[in-house]
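Trainee: File my_file11.pdb follows (PDB, C-alpha atoms):
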```pdb
ATOM      1  CA  MET A   1     -53.752-105.268 -87.935
ATOM      2  CA  GLU A   2     -54.019-101.547 -87.230
ATOM      3  CA  GLU A   3     -56.144-102.360 -84.187
ATOM      4  CA  ARG A   4     -53.744-104.867 -82.661
ATOM      5  CA  ASP A   5     -50.804-102.552 -83.142
ATOM      6  CA  THR A   6     -52.249 -99.802 -80.970
ATOM      7  CA  ILE A   7     -53.151-101.940 -77.946
ATOM      8  CA  PRO A   8     -49.770-101.797 -76.143
ATOM      9  CA  PHE A   9     -50.084 -98.101 -75.285
ATOM     10  CA  ARG A  10     -53.826 -97.571 -75.225
ATOM     11  CA  ASN A  11     -54.723 -97.365 -71.529
ATOM     12  CA  LEU A  12     -51.415 -96.161 -70.179
ATOM     13  CA  HIS A  13     -50.820 -92.995 -68.218
ATOM     14  CA  GLY A  14     -48.202 -90.336 -67.765
ATOM     15  CA  ARG A  15     -46.845 -88.824 -64.581
ATOM     16  CA  ASP A  16     -45.157 -85.475 -63.936
ATOM     17  CA  TYR A  17     -41.900 -85.043 -62.031
ATOM     18  CA  GLN A  18     -41.186 -81.596 -60.653
ATOM     19  CA  GLY A  19     -37.804 -80.573 -59.300
ATOM     20  CA  HIS A  20     -36.000 -78.121 -61.544
ATOM     21  CA  LYS A  21     -36.252 -74.340 -61.469
ATOM     22  CA  LYS A  22     -35.842 -73.993 -65.228
ATOM     23  CA  LYS A  23     -36.557 -76.143 -68.252
ATOM     24  CA  VAL A  24     -35.195 -79.657 -68.573
ATOM     25  CA  HIS A  25     -32.912 -80.234 -71.564
ATOM     26  CA  SER A  26     -32.066 -83.905 -71.174
ATOM     27  CA  VAL A  27     -33.490 -87.073 -69.619
ATOM     28  CA  ALA A  28     -31.684 -90.431 -69.484
ATOM     29  CA  TRP A  29     -32.229 -93.828 -67.825
ATOM     30  CA  ASN A  30     -29.475 -95.843 -66.188
ATOM     31  CA  CYS A  31     -28.599 -99.291 -67.558
ATOM     32  CA  SER A  32     -30.824-101.142 -65.086
ATOM     33  CA  GLY A  33     -33.828 -98.908 -65.786
ATOM     34  CA  THR A  34     -34.257 -98.024 -62.091
ATOM     35  CA  LYS A  35     -33.001 -94.453 -62.098
ATOM     36  CA  LEU A  36     -33.666 -91.516 -64.333
ATOM     37  CA  ALA A  37     -31.457 -88.438 -64.579
ATOM     38  CA  SER A  38     -32.669 -85.002 -65.663
ATOM     39  CA  GLY A  39     -30.391 -82.135 -66.702
ATOM     40  CA  SER A  40     -31.617 -78.563 -66.671
ATOM     41  CA  VAL A  41     -30.919 -74.980 -67.657
ATOM     42  CA  ASP A  42     -30.946 -74.336 -63.858
ATOM     43  CA  GLN A  43     -27.316 -75.694 -63.822
ATOM     44  CA  THR A  44     -28.211 -78.894 -61.950
ATOM     45  CA  ALA A  45     -28.887 -82.498 -62.742
ATOM     46  CA  ARG A  46     -31.174 -84.663 -60.631
ATOM     47  CA  ILE A  47     -31.333 -88.401 -60.117
ATOM     48  CA  TRP A  48     -34.791 -89.925 -59.609
ATOM     49  CA  HIS A  49     -35.467 -93.421 -58.346
ATOM     50  CA  ILE A  50     -38.362 -94.700 -60.478
ATOM     51  CA  GLU A  51     -40.443 -97.814 -59.753
ATOM     52  CA  HIS A  52     -41.596 -99.251 -63.067
ATOM     53  CA  HIS A  53     -45.142 -99.826 -61.753
ATOM     54  CA  GLY A  54     -45.206 -96.153 -60.767
ATOM     55  CA  HIS A  55     -46.039 -96.598 -57.071
ATOM     56  CA  GLY A  56     -43.941 -95.497 -54.139
ATOM     57  CA  LYS A  57     -42.572 -92.136 -53.125
ATOM     58  CA  VAL A  58     -40.169 -90.694 -55.670
ATOM     59  CA  LYS A  59     -36.826 -89.784 -54.136
ATOM     60  CA  ASP A  60     -34.445 -87.509 -55.944
ATOM     61  CA  ILE A  61     -30.900 -86.336 -55.351
ATOM     62  CA  GLU A  62     -29.394 -83.136 -56.729
ATOM     63  CA  LEU A  63     -26.051 -82.991 -58.556
ATOM     64  CA  LYS A  64     -24.685 -79.499 -57.948
ATOM     65  CA  GLY A  65     -21.489 -77.927 -59.247
ATOM     66  CA  HIS A  66     -21.983 -76.865 -62.867
ATOM     67  CA  THR A  67     -22.035 -73.108 -63.416
ATOM     68  CA  ASP A  68     -24.064 -73.169 -66.641
ATOM     69  CA  SER A  69     -26.862 -75.162 -68.239
ATOM     70  CA  VAL A  70     -26.581 -78.980 -68.052
ATOM     71  CA  ASP A  71     -27.333 -79.669 -71.693
ATOM     72  CA  GLN A  72     -26.941 -83.411 -71.966
ATOM     73  CA  LEU A  73     -26.176 -86.326 -69.712
ATOM     74  CA  CYS A  74     -25.550 -90.032 -70.130
ATOM     75  CA  TRP A  75     -25.116 -92.999 -67.820
ATOM     76  CA  ASP A  76     -22.244 -95.443 -67.805
ATOM     77  CA  PRO A  77     -23.619 -98.375 -69.854
ATOM     78  CA  LYS A  78     -21.947-100.865 -67.498
ATOM     79  CA  HIS A  79     -22.521 -99.206 -64.123
ATOM     80  CA  ALA A  80     -25.979 -98.271 -62.807
ATOM     81  CA  ASP A  81     -24.695 -95.503 -60.520
ATOM     82  CA  LEU A  82     -22.200 -93.576 -62.650
ATOM     83  CA  ILE A  83     -23.322 -90.688 -64.792
ATOM     84  CA  ALA A  84     -21.593 -88.077 -66.974
ATOM     85  CA  THR A  85     -22.885 -84.541 -67.550
ATOM     86  CA  ALA A  86     -21.983 -82.014 -70.243
ATOM     87  CA  SER A  87     -22.472 -78.325 -69.590
ATOM     88  CA  GLY A  88     -22.178 -74.920 -71.183
ATOM     89  CA  ASP A  89     -19.589 -74.166 -68.473
ATOM     90  CA  LYS A  90     -17.043 -76.078 -70.647
ATOM     91  CA  THR A  91     -16.691 -78.940 -68.160
ATOM     92  CA  VAL A  92     -17.674 -82.572 -68.314
ATOM     93  CA  ARG A  93     -18.289 -84.160 -64.929
ATOM     94  CA  LEU A  94     -18.581 -87.715 -63.723
ATOM     95  CA  TRP A  95     -20.854 -88.333 -60.713
ATOM     96  CA  ASP A  96     -21.744 -91.105 -58.329
ATOM     97  CA  ALA A  97     -25.550 -91.188 -58.293
ATOM     98  CA  ARG A  98     -25.662 -92.733 -54.807
ATOM     99  CA  SER A  99     -23.831 -89.905 -53.043
ATOM    100  CA  GLY A 100     -24.493 -87.111 -55.525
ATOM    101  CA  LYS A 101     -20.767 -86.316 -55.478
ATOM    102  CA  CYS A 102     -18.683 -85.371 -58.503
ATOM    103  CA  SER A 103     -15.799 -87.837 -58.829
ATOM    104  CA  GLN A 104     -14.074 -86.541 -61.982
ATOM    105  CA  GLN A 105     -14.018 -83.320 -63.931
ATOM    106  CA  ALA A 106     -12.495 -82.359 -67.272
ATOM    107  CA  GLU A 107     -12.109 -78.771 -68.487
ATOM    108  CA  LEU A 108     -12.661 -78.681 -72.249
ATOM    109  CA  SER A 109     -12.348 -75.842 -74.718
ATOM    110  CA  GLY A 110     -15.957 -74.992 -75.534
ATOM    111  CA  GLU A 111     -19.608 -75.092 -74.484
ATOM    112  CA  ASN A 112     -20.542 -78.766 -74.409
ATOM    113  CA  ILE A 113     -23.880 -79.766 -75.919
ATOM    114  CA  ASN A 114     -23.656 -83.485 -76.741
ATOM    115  CA  ILE A 115     -22.288 -86.421 -74.779
ATOM    116  CA  THR A 116     -22.379 -90.185 -75.234
ATOM    117  CA  TYR A 117     -20.679 -93.258 -73.783
ATOM    118  CA  LYS A 118     -19.012 -95.968 -75.807
ATOM    119  CA  PRO A 119     -21.104 -99.118 -75.222
ATOM    120  CA  ASP A 120     -18.288-100.856 -73.311
ATOM    121  CA  GLY A 121     -18.103 -97.900 -70.886
ATOM    122  CA  THR A 122     -14.422 -97.073 -71.532
ATOM    123  CA  HIS A 123     -14.692 -93.793 -73.460
ATOM    124  CA  ILE A 124     -16.945 -90.744 -73.529
ATOM    125  CA  ALA A 125     -17.428 -88.560 -76.605
ATOM    126  CA  VAL A 126     -18.319 -84.901 -76.161
ATOM    127  CA  GLY A 127     -19.382 -82.419 -78.827
ATOM    128  CA  ASN A 128     -19.353 -78.659 -78.318
ATOM    129  CA  ARG A 129     -20.891 -75.581 -79.936
ATOM    130  CA  ASP A 130     -17.723 -75.031 -81.952
ATOM    131  CA  ASP A 131     -18.153 -78.395 -83.743
ATOM    132  CA  GLU A 132     -15.260 -79.911 -81.878
ATOM    133  CA  LEU A 133     -15.286 -83.537 -80.800
ATOM    134  CA  THR A 134     -13.354 -84.683 -77.725
ATOM    135  CA  ILE A 135     -12.996 -88.325 -76.703
ATOM    136  CA  LEU A 136     -12.222 -88.863 -73.013
ATOM    137  CA  ASP A 137     -10.747 -91.929 -71.396
ATOM    138  CA  VAL A 138     -13.143 -92.629 -68.516
ATOM    139  CA  ARG A 139     -10.534 -93.857 -66.035
ATOM    140  CA  LYS A 140      -7.993 -91.072 -66.404
ATOM    141  CA  PHE A 141     -10.644 -88.564 -67.493
ATOM    142  CA  LYS A 142      -8.209 -87.045 -69.957
ATOM    143  CA  PRO A 143      -8.763 -86.377 -73.672
ATOM    144  CA  LEU A 144      -7.596 -89.187 -75.979
ATOM    145  CA  HIS A 145      -8.618 -87.525 -79.255
ATOM    146  CA  LYS A 146      -9.661 -84.058 -80.293
ATOM    147  CA  ARG A 147     -10.998 -83.141 -83.670
ATOM    148  CA  LYS A 148     -12.512 -79.939 -85.008
ATOM    149  CA  PHE A 149     -14.863 -80.232 -87.980
ATOM    150  CA  THR A 150     -15.472 -77.663 -90.686
ATOM    151  CA  TYR A 151     -19.225 -78.325 -90.648
ATOM    152  CA  GLU A 152     -21.960 -78.247 -88.010
ATOM    153  CA  VAL A 153     -21.848 -81.369 -85.854
ATOM    154  CA  ASN A 154     -24.956 -82.293 -83.887
ATOM    155  CA  GLU A 155     -25.725 -85.497 -81.979
ATOM    156  CA  ILE A 156     -23.145 -88.282 -81.942
ATOM    157  CA  ALA A 157     -23.282 -92.041 -81.314
ATOM    158  CA  TRP A 158     -21.254 -95.243 -81.364
ATOM    159  CA  ASN A 159     -22.585 -98.452 -82.841
ATOM    160  CA  MET A 160     -23.089-101.377 -80.413
ATOM    161  CA  THR A 161     -19.677-102.904 -81.073
ATOM    162  CA  GLY A 162     -17.889 -99.561 -80.681
ATOM    163  CA  ASP A 163     -15.934 -99.791 -83.941
ATOM    164  CA  LYS A 164     -17.995 -97.152 -85.770
ATOM    165  CA  PHE A 165     -18.799 -93.619 -84.717
ATOM    166  CA  PHE A 166     -21.625 -91.529 -86.201
ATOM    167  CA  LEU A 167     -21.866 -87.750 -86.469
ATOM    168  CA  THR A 168     -25.068 -86.025 -87.544
ATOM    169  CA  THR A 169     -24.270 -82.842 -89.461
ATOM    170  CA  GLY A 170     -25.859 -79.562 -90.483
ATOM    171  CA  ASN A 171     -25.417 -80.589 -94.133
ATOM    172  CA  GLY A 172     -28.086 -83.302 -93.936
ATOM    173  CA  THR A 173     -25.464 -86.047 -93.871
ATOM    174  CA  VAL A 174     -24.390 -88.618 -91.328
ATOM    175  CA  GLU A 175     -20.642 -89.081 -91.277
ATOM    176  CA  VAL A 176     -19.599 -92.630 -90.389
ATOM    177  CA  LEU A 177     -16.111 -92.809 -88.877
ATOM    178  CA  ALA A 178     -14.028 -95.853 -88.001
ATOM    179  CA  TYR A 179     -13.188 -96.032 -84.308
ATOM    180  CA  PRO A 180     -10.678 -95.396 -82.804
ATOM    181  CA  SER A 181      -8.916 -93.987 -85.901
ATOM    182  CA  LEU A 182     -11.799 -91.547 -86.642
ATOM    183  CA  ASP A 183     -11.124 -92.022 -90.369
ATOM    184  CA  ARG A 184     -14.208 -91.477 -92.478
ATOM    185  CA  VAL A 185     -15.590 -94.712 -93.916
ATOM    186  CA  ASP A 186     -18.952 -93.553 -95.234
ATOM    187  CA  THR A 187     -21.204 -90.542 -95.707
ATOM    188  CA  LEU A 188     -24.944 -91.134 -95.609
ATOM    189  CA  MET A 189     -26.852 -88.601 -97.689
ATOM    190  CA  ALA A 190     -29.645 -88.816 -95.188
ATOM    191  CA  HIS A 191     -31.782 -85.675 -95.422
ATOM    192  CA  THR A 192     -32.434 -82.480 -97.351
ATOM    193  CA  ALA A 193     -31.797 -80.384 -94.238
ATOM    194  CA  GLY A 194     -29.601 -80.600 -91.158
ATOM    195  CA  CYS A 195     -29.563 -83.813 -89.128
ATOM    196  CA  TYR A 196     -30.111 -83.103 -85.444
ATOM    197  CA  CYS A 197     -30.406 -86.384 -83.569
ATOM    198  CA  ILE A 198     -29.463 -90.051 -83.800
ATOM    199  CA  ALA A 199     -30.370 -93.310 -82.070
ATOM    200  CA  ILE A 200     -28.989 -96.840 -82.345
ATOM    201  CA  ASP A 201     -31.471 -99.714 -82.125
ATOM    202  CA  PRO A 202     -30.725-101.781 -78.952
ATOM    203  CA  LEU A 203     -30.356-104.945 -81.060
ATOM    204  CA  GLY A 204     -27.713-103.229 -83.201
ATOM    205  CA  ARG A 205     -29.629-103.582 -86.483
ATOM    206  CA  TYR A 206     -30.543 -99.990 -87.265
ATOM    207  CA  VAL A 207     -29.540 -96.408 -86.888
ATOM    208  CA  ALA A 208     -32.282 -93.755 -86.909
ATOM    209  CA  VAL A 209     -31.701 -90.100 -87.765
ATOM    210  CA  GLY A 210     -33.965 -87.113 -87.096
ATOM    211  CA  SER A 211     -33.744 -84.038 -89.269
ATOM    212  CA  ALA A 212     -34.776 -80.415 -89.686
ATOM    213  CA  ASP A 213     -36.814 -81.614 -92.704
ATOM    214  CA  SER A 214     -39.246 -83.134 -90.099
ATOM    215  CA  LEU A 215     -38.469 -86.714 -91.156
ATOM    216  CA  VAL A 216     -36.907 -89.595 -89.251
ATOM    217  CA  SER A 217     -34.951 -91.991 -91.466
ATOM    218  CA  LEU A 218     -34.161 -95.612 -90.565
ATOM    219  CA  TRP A 219     -30.932 -97.168 -91.845
ATOM    220  CA  ASP A 220     -29.699-100.733 -91.972
ATOM    221  CA  ILE A 221     -26.455-100.488 -90.035
ATOM    222  CA  LYS A 222     -24.647-103.240 -91.996
ATOM    223  CA  GLU A 223     -25.635-102.168 -95.507
ATOM    224  CA  MET A 224     -25.911 -98.436 -94.707
ATOM    225  CA  LEU A 225     -29.112 -98.323 -96.755
ATOM    226  CA  CYS A 226     -32.223 -96.330 -95.906
ATOM    227  CA  LEU A 227     -35.088 -98.727 -95.162
ATOM    228  CA  ARG A 228     -37.904 -96.261 -94.499
ATOM    229  CA  THR A 229     -38.826 -92.827 -93.238
ATOM    230  CA  PHE A 230     -41.274 -91.823 -90.538
ATOM    231  CA  THR A 231     -43.311 -88.841 -91.680
ATOM    232  CA  LYS A 232     -45.716 -87.942 -88.864
ATOM    233  CA  LEU A 233     -43.999 -84.836 -87.511
ATOM    234  CA  GLU A 234     -44.190 -81.453 -89.228
ATOM    235  CA  TRP A 235     -41.390 -79.620 -87.415
ATOM    236  CA  PRO A 236     -37.641 -80.244 -87.137
ATOM    237  CA  VAL A 237     -37.040 -83.498 -85.269
ATOM    238  CA  ARG A 238     -35.159 -82.742 -82.043
ATOM    239  CA  THR A 239     -35.035 -86.096 -80.296
ATOM    240  CA  ILE A 240     -35.593 -89.816 -81.030
ATOM    241  CA  SER A 241     -35.333 -93.073 -79.085
ATOM    242  CA  PHE A 242     -35.837 -96.814 -79.682
ATOM    243  CA  ASN A 243     -37.624 -98.847 -77.026
ATOM    244  CA  HIS A 244     -35.826-101.772 -75.338
ATOM    245  CA  THR A 245     -37.085-104.424 -77.775
ATOM    246  CA  GLY A 246     -36.367-102.316 -80.865
ATOM    247  CA  GLU A 247     -40.037-102.611 -81.877
ATOM    248  CA  TYR A 248     -40.969 -98.960 -81.444
ATOM    249  CA  ILE A 249     -39.382 -95.597 -82.068
ATOM    250  CA  ALA A 250     -40.413 -92.360 -80.371
ATOM    251  CA  SER A 251     -39.734 -89.007 -82.014
ATOM    252  CA  ALA A 252     -40.503 -85.443 -81.005
ATOM    253  CA  SER A 253     -40.191 -81.866 -82.210
ATOM    254  CA  GLU A 254     -42.127 -78.627 -81.833
ATOM    255  CA  ASP A 255     -45.277 -80.538 -82.806
ATOM    256  CA  LEU A 256     -47.532 -80.843 -79.773
ATOM    257  CA  PHE A 257     -47.339 -84.624 -79.642
ATOM    258  CA  ILE A 258     -44.704 -87.322 -79.375
ATOM    259  CA  ASP A 259     -45.027 -89.919 -82.110
ATOM    260  CA  ILE A 260     -44.540 -93.613 -81.315
ATOM    261  CA  SER A 261     -44.245 -95.706 -84.469
ATOM    262  CA  ASN A 262     -43.747 -99.363 -85.233
ATOM    263  CA  VAL A 263     -40.180 -99.689 -86.551
ATOM    264  CA  GLN A 264     -41.042-102.456 -89.039
ATOM    265  CA  THR A 265     -44.242-101.019 -90.554
ATOM    266  CA  GLY A 266     -43.485 -97.324 -90.148
ATOM    267  CA  ARG A 267     -47.029 -96.875 -88.797
ATOM    268  CA  THR A 268     -47.908 -94.707 -85.814
ATOM    269  CA  VAL A 269     -49.151 -96.830 -82.912
ATOM    270  CA  HIS A 270     -49.634 -94.043 -80.378
ATOM    271  CA  GLN A 271     -49.257 -90.308 -79.929
ATOM    272  CA  ILE A 272     -48.631 -88.652 -76.580
ATOM    273  CA  PRO A 273     -49.978 -85.100 -76.472
ATOM    274  CA  CYS A 274     -47.601 -82.467 -75.090
ATOM    275  CA  ARG A 275     -47.906 -78.770 -74.390
ATOM    276  CA  ALA A 276     -44.573 -77.499 -75.685
ATOM    277  CA  ALA A 277     -41.639 -78.269 -77.959
ATOM    278  CA  MET A 278     -39.765 -81.350 -76.732
ATOM    279  CA  ASN A 279     -36.015 -81.436 -75.985
ATOM    280  CA  SER A 280     -35.461 -85.064 -75.015
ATOM    281  CA  VAL A 281     -37.288 -88.407 -75.203
ATOM    282  CA  GLU A 282     -35.823 -91.641 -73.898
ATOM    283  CA  TRP A 283     -37.222 -95.142 -73.421
ATOM    284  CA  ASN A 284     -36.397 -97.170 -70.331
ATOM    285  CA  PRO A 285     -33.965-100.038 -71.157
ATOM    286  CA  LYS A 286     -36.204-102.692 -69.526
ATOM    287  CA  HIS A 287     -39.818-101.504 -69.727
ATOM    288  CA  ASN A 288     -42.061 -99.528 -72.068
ATOM    289  CA  LEU A 289     -41.733 -96.336 -70.073
ATOM    290  CA  LEU A 290     -40.929 -93.200 -72.057
ATOM    291  CA  ALA A 291     -39.381 -90.209 -70.290
ATOM    292  CA  TYR A 292     -39.718 -86.843 -71.993
ATOM    293  CA  ALA A 293     -38.970 -83.193 -71.296
ATOM    294  CA  GLY A 294     -39.507 -79.955 -73.136
ATOM    295  CA  ASP A 295     -40.031 -76.218 -72.969
ATOM    296  CA  ASP A 296     -43.139 -76.416 -70.741
ATOM    297  CA  LYS A 297     -44.263 -73.130 -69.197
ATOM    298  CA  ASN A 298     -46.741 -72.429 -66.413
ATOM    299  CA  LYS A 299     -49.649 -69.984 -66.661
ATOM    300  CA  TYR A 300     -47.273 -67.106 -65.826
ATOM    301  CA  GLN A 301     -45.064 -68.107 -68.783
ATOM    302  CA  ALA A 302     -42.208 -69.206 -66.511
ATOM    303  CA  ASP A 303     -40.377 -72.496 -67.109
ATOM    304  CA  GLU A 304     -42.080 -75.366 -65.314
ATOM    305  CA  GLY A 305     -38.899 -77.385 -64.878
ATOM    306  CA  ILE A 306     -40.674 -80.717 -65.184
ATOM    307  CA  PHE A 307     -40.314 -83.929 -67.099
ATOM    308  CA  ARG A 308     -42.865 -86.674 -67.590
ATOM    309  CA  ILE A 309     -42.881 -90.438 -67.871
ATOM    310  CA  PHE A 310     -45.522 -92.163 -69.990
ATOM    311  CA  GLY A 311     -46.390 -95.851 -69.765
ATOM    312  CA  PHE A 312     -47.725 -96.484 -66.250
ATOM    313  CA  GLU A 313     -50.755 -98.736 -65.935
ATOM    314  CA  SER A 314     -52.474 -96.615 -63.308
ATOM    315  CA  ALA A 315     -52.783 -92.856 -63.242
TER     316      ALA A 315
END
```
For this file, produce the structure as structure tokens.
Mentor:
Amino acid sequence: MEERDTIPFRNLHGRDYQGHKKKVHSVAWNCSGTKLASGSVDQTARIWHIEHHGHGKVKDIELKGHTDSVDQLCWDPKHADLIATASGDKTVRLWDARSGKCSQQAELSGENINITYKPDGTHIAVGNRDDELTILDVRKFKPLHKRKFTYEVNEIAWNMTGDKFFLTTGNGTVEVLAYPSLDRVDTLMAHTAGCYCIAIDPLGRYVAVGSADSLVSLWDIKEMLCLRTFTKLEWPVRTISFNHTGEYIASASEDLFIDISNVQTGRTVHQIPCRAAMNSVEWNPKHNLLAYAGDDKNKYQADEGIFRIFGFESA
């Protein structure tokens, strides 16, 4: 059993993508799995056209305009060429990935660190360093809701149907809010330390939470019960992602590997070695290609500004 489990990733290779002047904070695939966006401390985002077999010249386009670090970005779930970026410059921007032009911009009140789209593409939620949540209407690009929390709010996510909204908190809990009312419907006592990151299984069955206690917990989204924990990492979990079939979950931290585990058994099926703490891992929505980016430095201790994609059949 153990043997068969590991075969999917055994002879696969990674590839480096160089383009940023400083470290990459966020990587995200578009809904068709053909483009990858990277957001960097160098104040830019870049769009890369990626062939899933890994051949062909990689073209990239630069999104310029932010005046501070691009901390997180997310694609419109219904449109393969629209992307939103959140920056420390207090703005959220909407871009057309074909032209590289910014089409919308919203000035918010704080340094933005988390951003996510509602699965139907109508709203964007943004979290800032002051634990304030803003929900934007995508068409008008104006705030619909604003709420400040009295506790540390980290990554945020909607469920697949868009009627529940999850906040990971510094208290080790996940707050489950009804949407759009934002009334609290549940509190998951998830971890013994702060919860940093969250992912929703693409089939809508599970929510996974990564914590400063180095564990990833898996929850049944209907029952809100914890099904299992993944225990391979030893450092605070910074980033997690389900693959497109919901079979595997990738998680990363300051450990020098990315863990890929089987969601059902909890067993590790593969580990990707890395040279630095990771900031972002994300699976392609159509193929088993995992993009990841971290605090990689070159031999002169300067940021490398790269991200990698693992899962190609030829090196």
Trainee: Using the chain letters and residue numbers of this document, give as a ChimeraX atom specification the residues selected by the PyMOL selection byres ((chain A and resi 87) around 12).
Mentor: /A:25-26,39-45,64-73,84-86,88-94,105-115,126-129
Trainee: Could those selected residues go to a file with C-alpha atoms, as a CSV table (one decimal), keeping the file's coordinate frame?
Mentor:
```csv
chain,number,residue,atom,x,y,z
A,25,HIS,CA,-32.9,-80.2,-71.6
A,26,SER,CA,-32.1,-83.9,-71.2
A,39,GLY,CA,-30.4,-82.1,-66.7
A,40,SER,CA,-31.6,-78.6,-66.7
A,41,VAL,CA,-30.9,-75.0,-67.7
A,42,ASP,CA,-30.9,-74.3,-63.9
A,43,GLN,CA,-27.3,-75.7,-63.8
A,44,THR,CA,-28.2,-78.9,-62.0
A,45,ALA,CA,-28.9,-82.5,-62.7
A,64,LYS,CA,-24.7,-79.5,-57.9
A,65,GLY,CA,-21.5,-77.9,-59.2
A,66,HIS,CA,-22.0,-76.9,-62.9
A,67,THR,CA,-22.0,-73.1,-63.4
A,68,ASP,CA,-24.1,-73.2,-66.6
A,69,SER,CA,-26.9,-75.2,-68.2
A,70,VAL,CA,-26.6,-79.0,-68.1
A,71,ASP,CA,-27.3,-79.7,-71.7
A,72,GLN,CA,-26.9,-83.4,-72.0
A,73,LEU,CA,-26.2,-86.3,-69.7
A,84,ALA,CA,-21.6,-88.1,-67.0
A,85,THR,CA,-22.9,-84.5,-67.6
A,86,ALA,CA,-22.0,-82.0,-70.2
A,88,GLY,CA,-22.2,-74.9,-71.2
A,89,ASP,CA,-19.6,-74.2,-68.5
A,90,LYS,CA,-17.0,-76.1,-70.6
A,91,THR,CA,-16.7,-78.9,-68.2
A,92,VAL,CA,-17.7,-82.6,-68.3
A,93,ARG,CA,-18.3,-84.2,-64.9
A,94,LEU,CA,-18.6,-87.7,-63.7
A,105,GLN,CA,-14.0,-83.3,-63.9
A,106,ALA,CA,-12.5,-82.4,-67.3
A,107,GLU,CA,-12.1,-78.8,-68.5
A,108,LEU,CA,-12.7,-78.7,-72.2
A,109,SER,CA,-12.3,-75.8,-74.7
A,110,GLY,CA,-16.0,-75.0,-75.5
A,111,GLU,CA,-19.6,-75.1,-74.5
A,112,ASN,CA,-20.5,-78.8,-74.4
A,113,ILE,CA,-23.9,-79.8,-75.9
A,114,ASN,CA,-23.7,-83.5,-76.7
A,115,ILE,CA,-22.3,-86.4,-74.8
A,126,VAL,CA,-18.3,-84.9,-76.2
A,127,GLY,CA,-19.4,-82.4,-78.8
A,128,ASN,CA,-19.4,-78.7,-78.3
A,129,ARG,CA,-20.9,-75.6,-79.9
```
Trainee: Determine the nearest neighbour of A:Asp259 from the options A:Asp295, A:Ile306, A:Leu63, A:Phe9, counting only C-alpha atoms.
Mentor: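 Distance minimum relative to A:Asp259 lands on A:Phe9.
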Trainee: Skipping near chain neighbours, those fewer than 2 positions away, what residues fall within 12 Å of A:Val237 using all atoms listed in the file, listed as number ranges by chain?
Mentor: A: 155, 191, 193-198, 208-217, 230-235, 239-241, 250-255, 257-259, 277-281
Trainee: For A:Ile221, which of A:His13, A:His287, A:His53, A:Lys164 is the closest residue, counting all atoms listed in the file?
Mentor: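 Looking at the shortest contact to A:Ile221, the residue is A:Lys164.
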Trainee: Using all atoms listed in the file, which residue out of A:Thr173, A:Gly14, A:Phe149, A:Phe312 lies closest to A:Pro273?
Mentor: A:Gly14
Trainee: Counting all atoms listed in the file, which residue out of A:Leu203, A:Leu188, A:Ala178, A:Leu289 sits closest to A:Thr34?
Mentor: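 Smallest distance to A:Thr34 is found for A:Leu289.
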Trainee: Can you list what the PyMOL selection byres ((chain A and resi 19) around 7) grabs from this structure, as a ChimeraX atom specification?
Mentor: /A:17-18,20-21,305-306
Trainee: Grab the atom CA of A:Arg98 to atom CA of A:Ile50 distance for me, in Å with one decimal place.
Mentor: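 Between these atoms lies a distance of 14.0 Å.
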Trainee: Find the distance between atom CA of A:Glu132 and atom CA of A:Thr169 and write it in Å to one decimal.
Mentor: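 Separating atom CA of A:Glu132 from atom CA of A:Thr169 is a distance of 12.1 Å.
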Trainee: Could you tell me how far atom CA of A:Lys222 lies from atom CA of A:Ile124, in Å and to one decimal?
Mentor: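 Separating atom CA of A:Lys222 from atom CA of A:Ile124 is a distance of 23.6 Å.
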Trainee: Write out as number ranges by chain each polymer residue whose atoms come within 8 Å of A:Asn284, counting only C-alpha atoms; drop sequence neighbours fewer than 6 positions from it.
Mentor: A: 29, 33, 243-244, 290-291
Trainee: Apply the PyMOL selection byres ((chain A and resi 263) around 10) to the file shown and report the selected residues as a ChimeraX atom specification.
Mentor: /A:201,206,208,218,228-230,242-243,246-250,260-262,264-268
Trainee: So which one's closest to A:Asn159, A:Ile200, A:Met189, A:Ala125, A:Cys74? Using all atoms listed in the file, please.
Mentor: A:Ile200
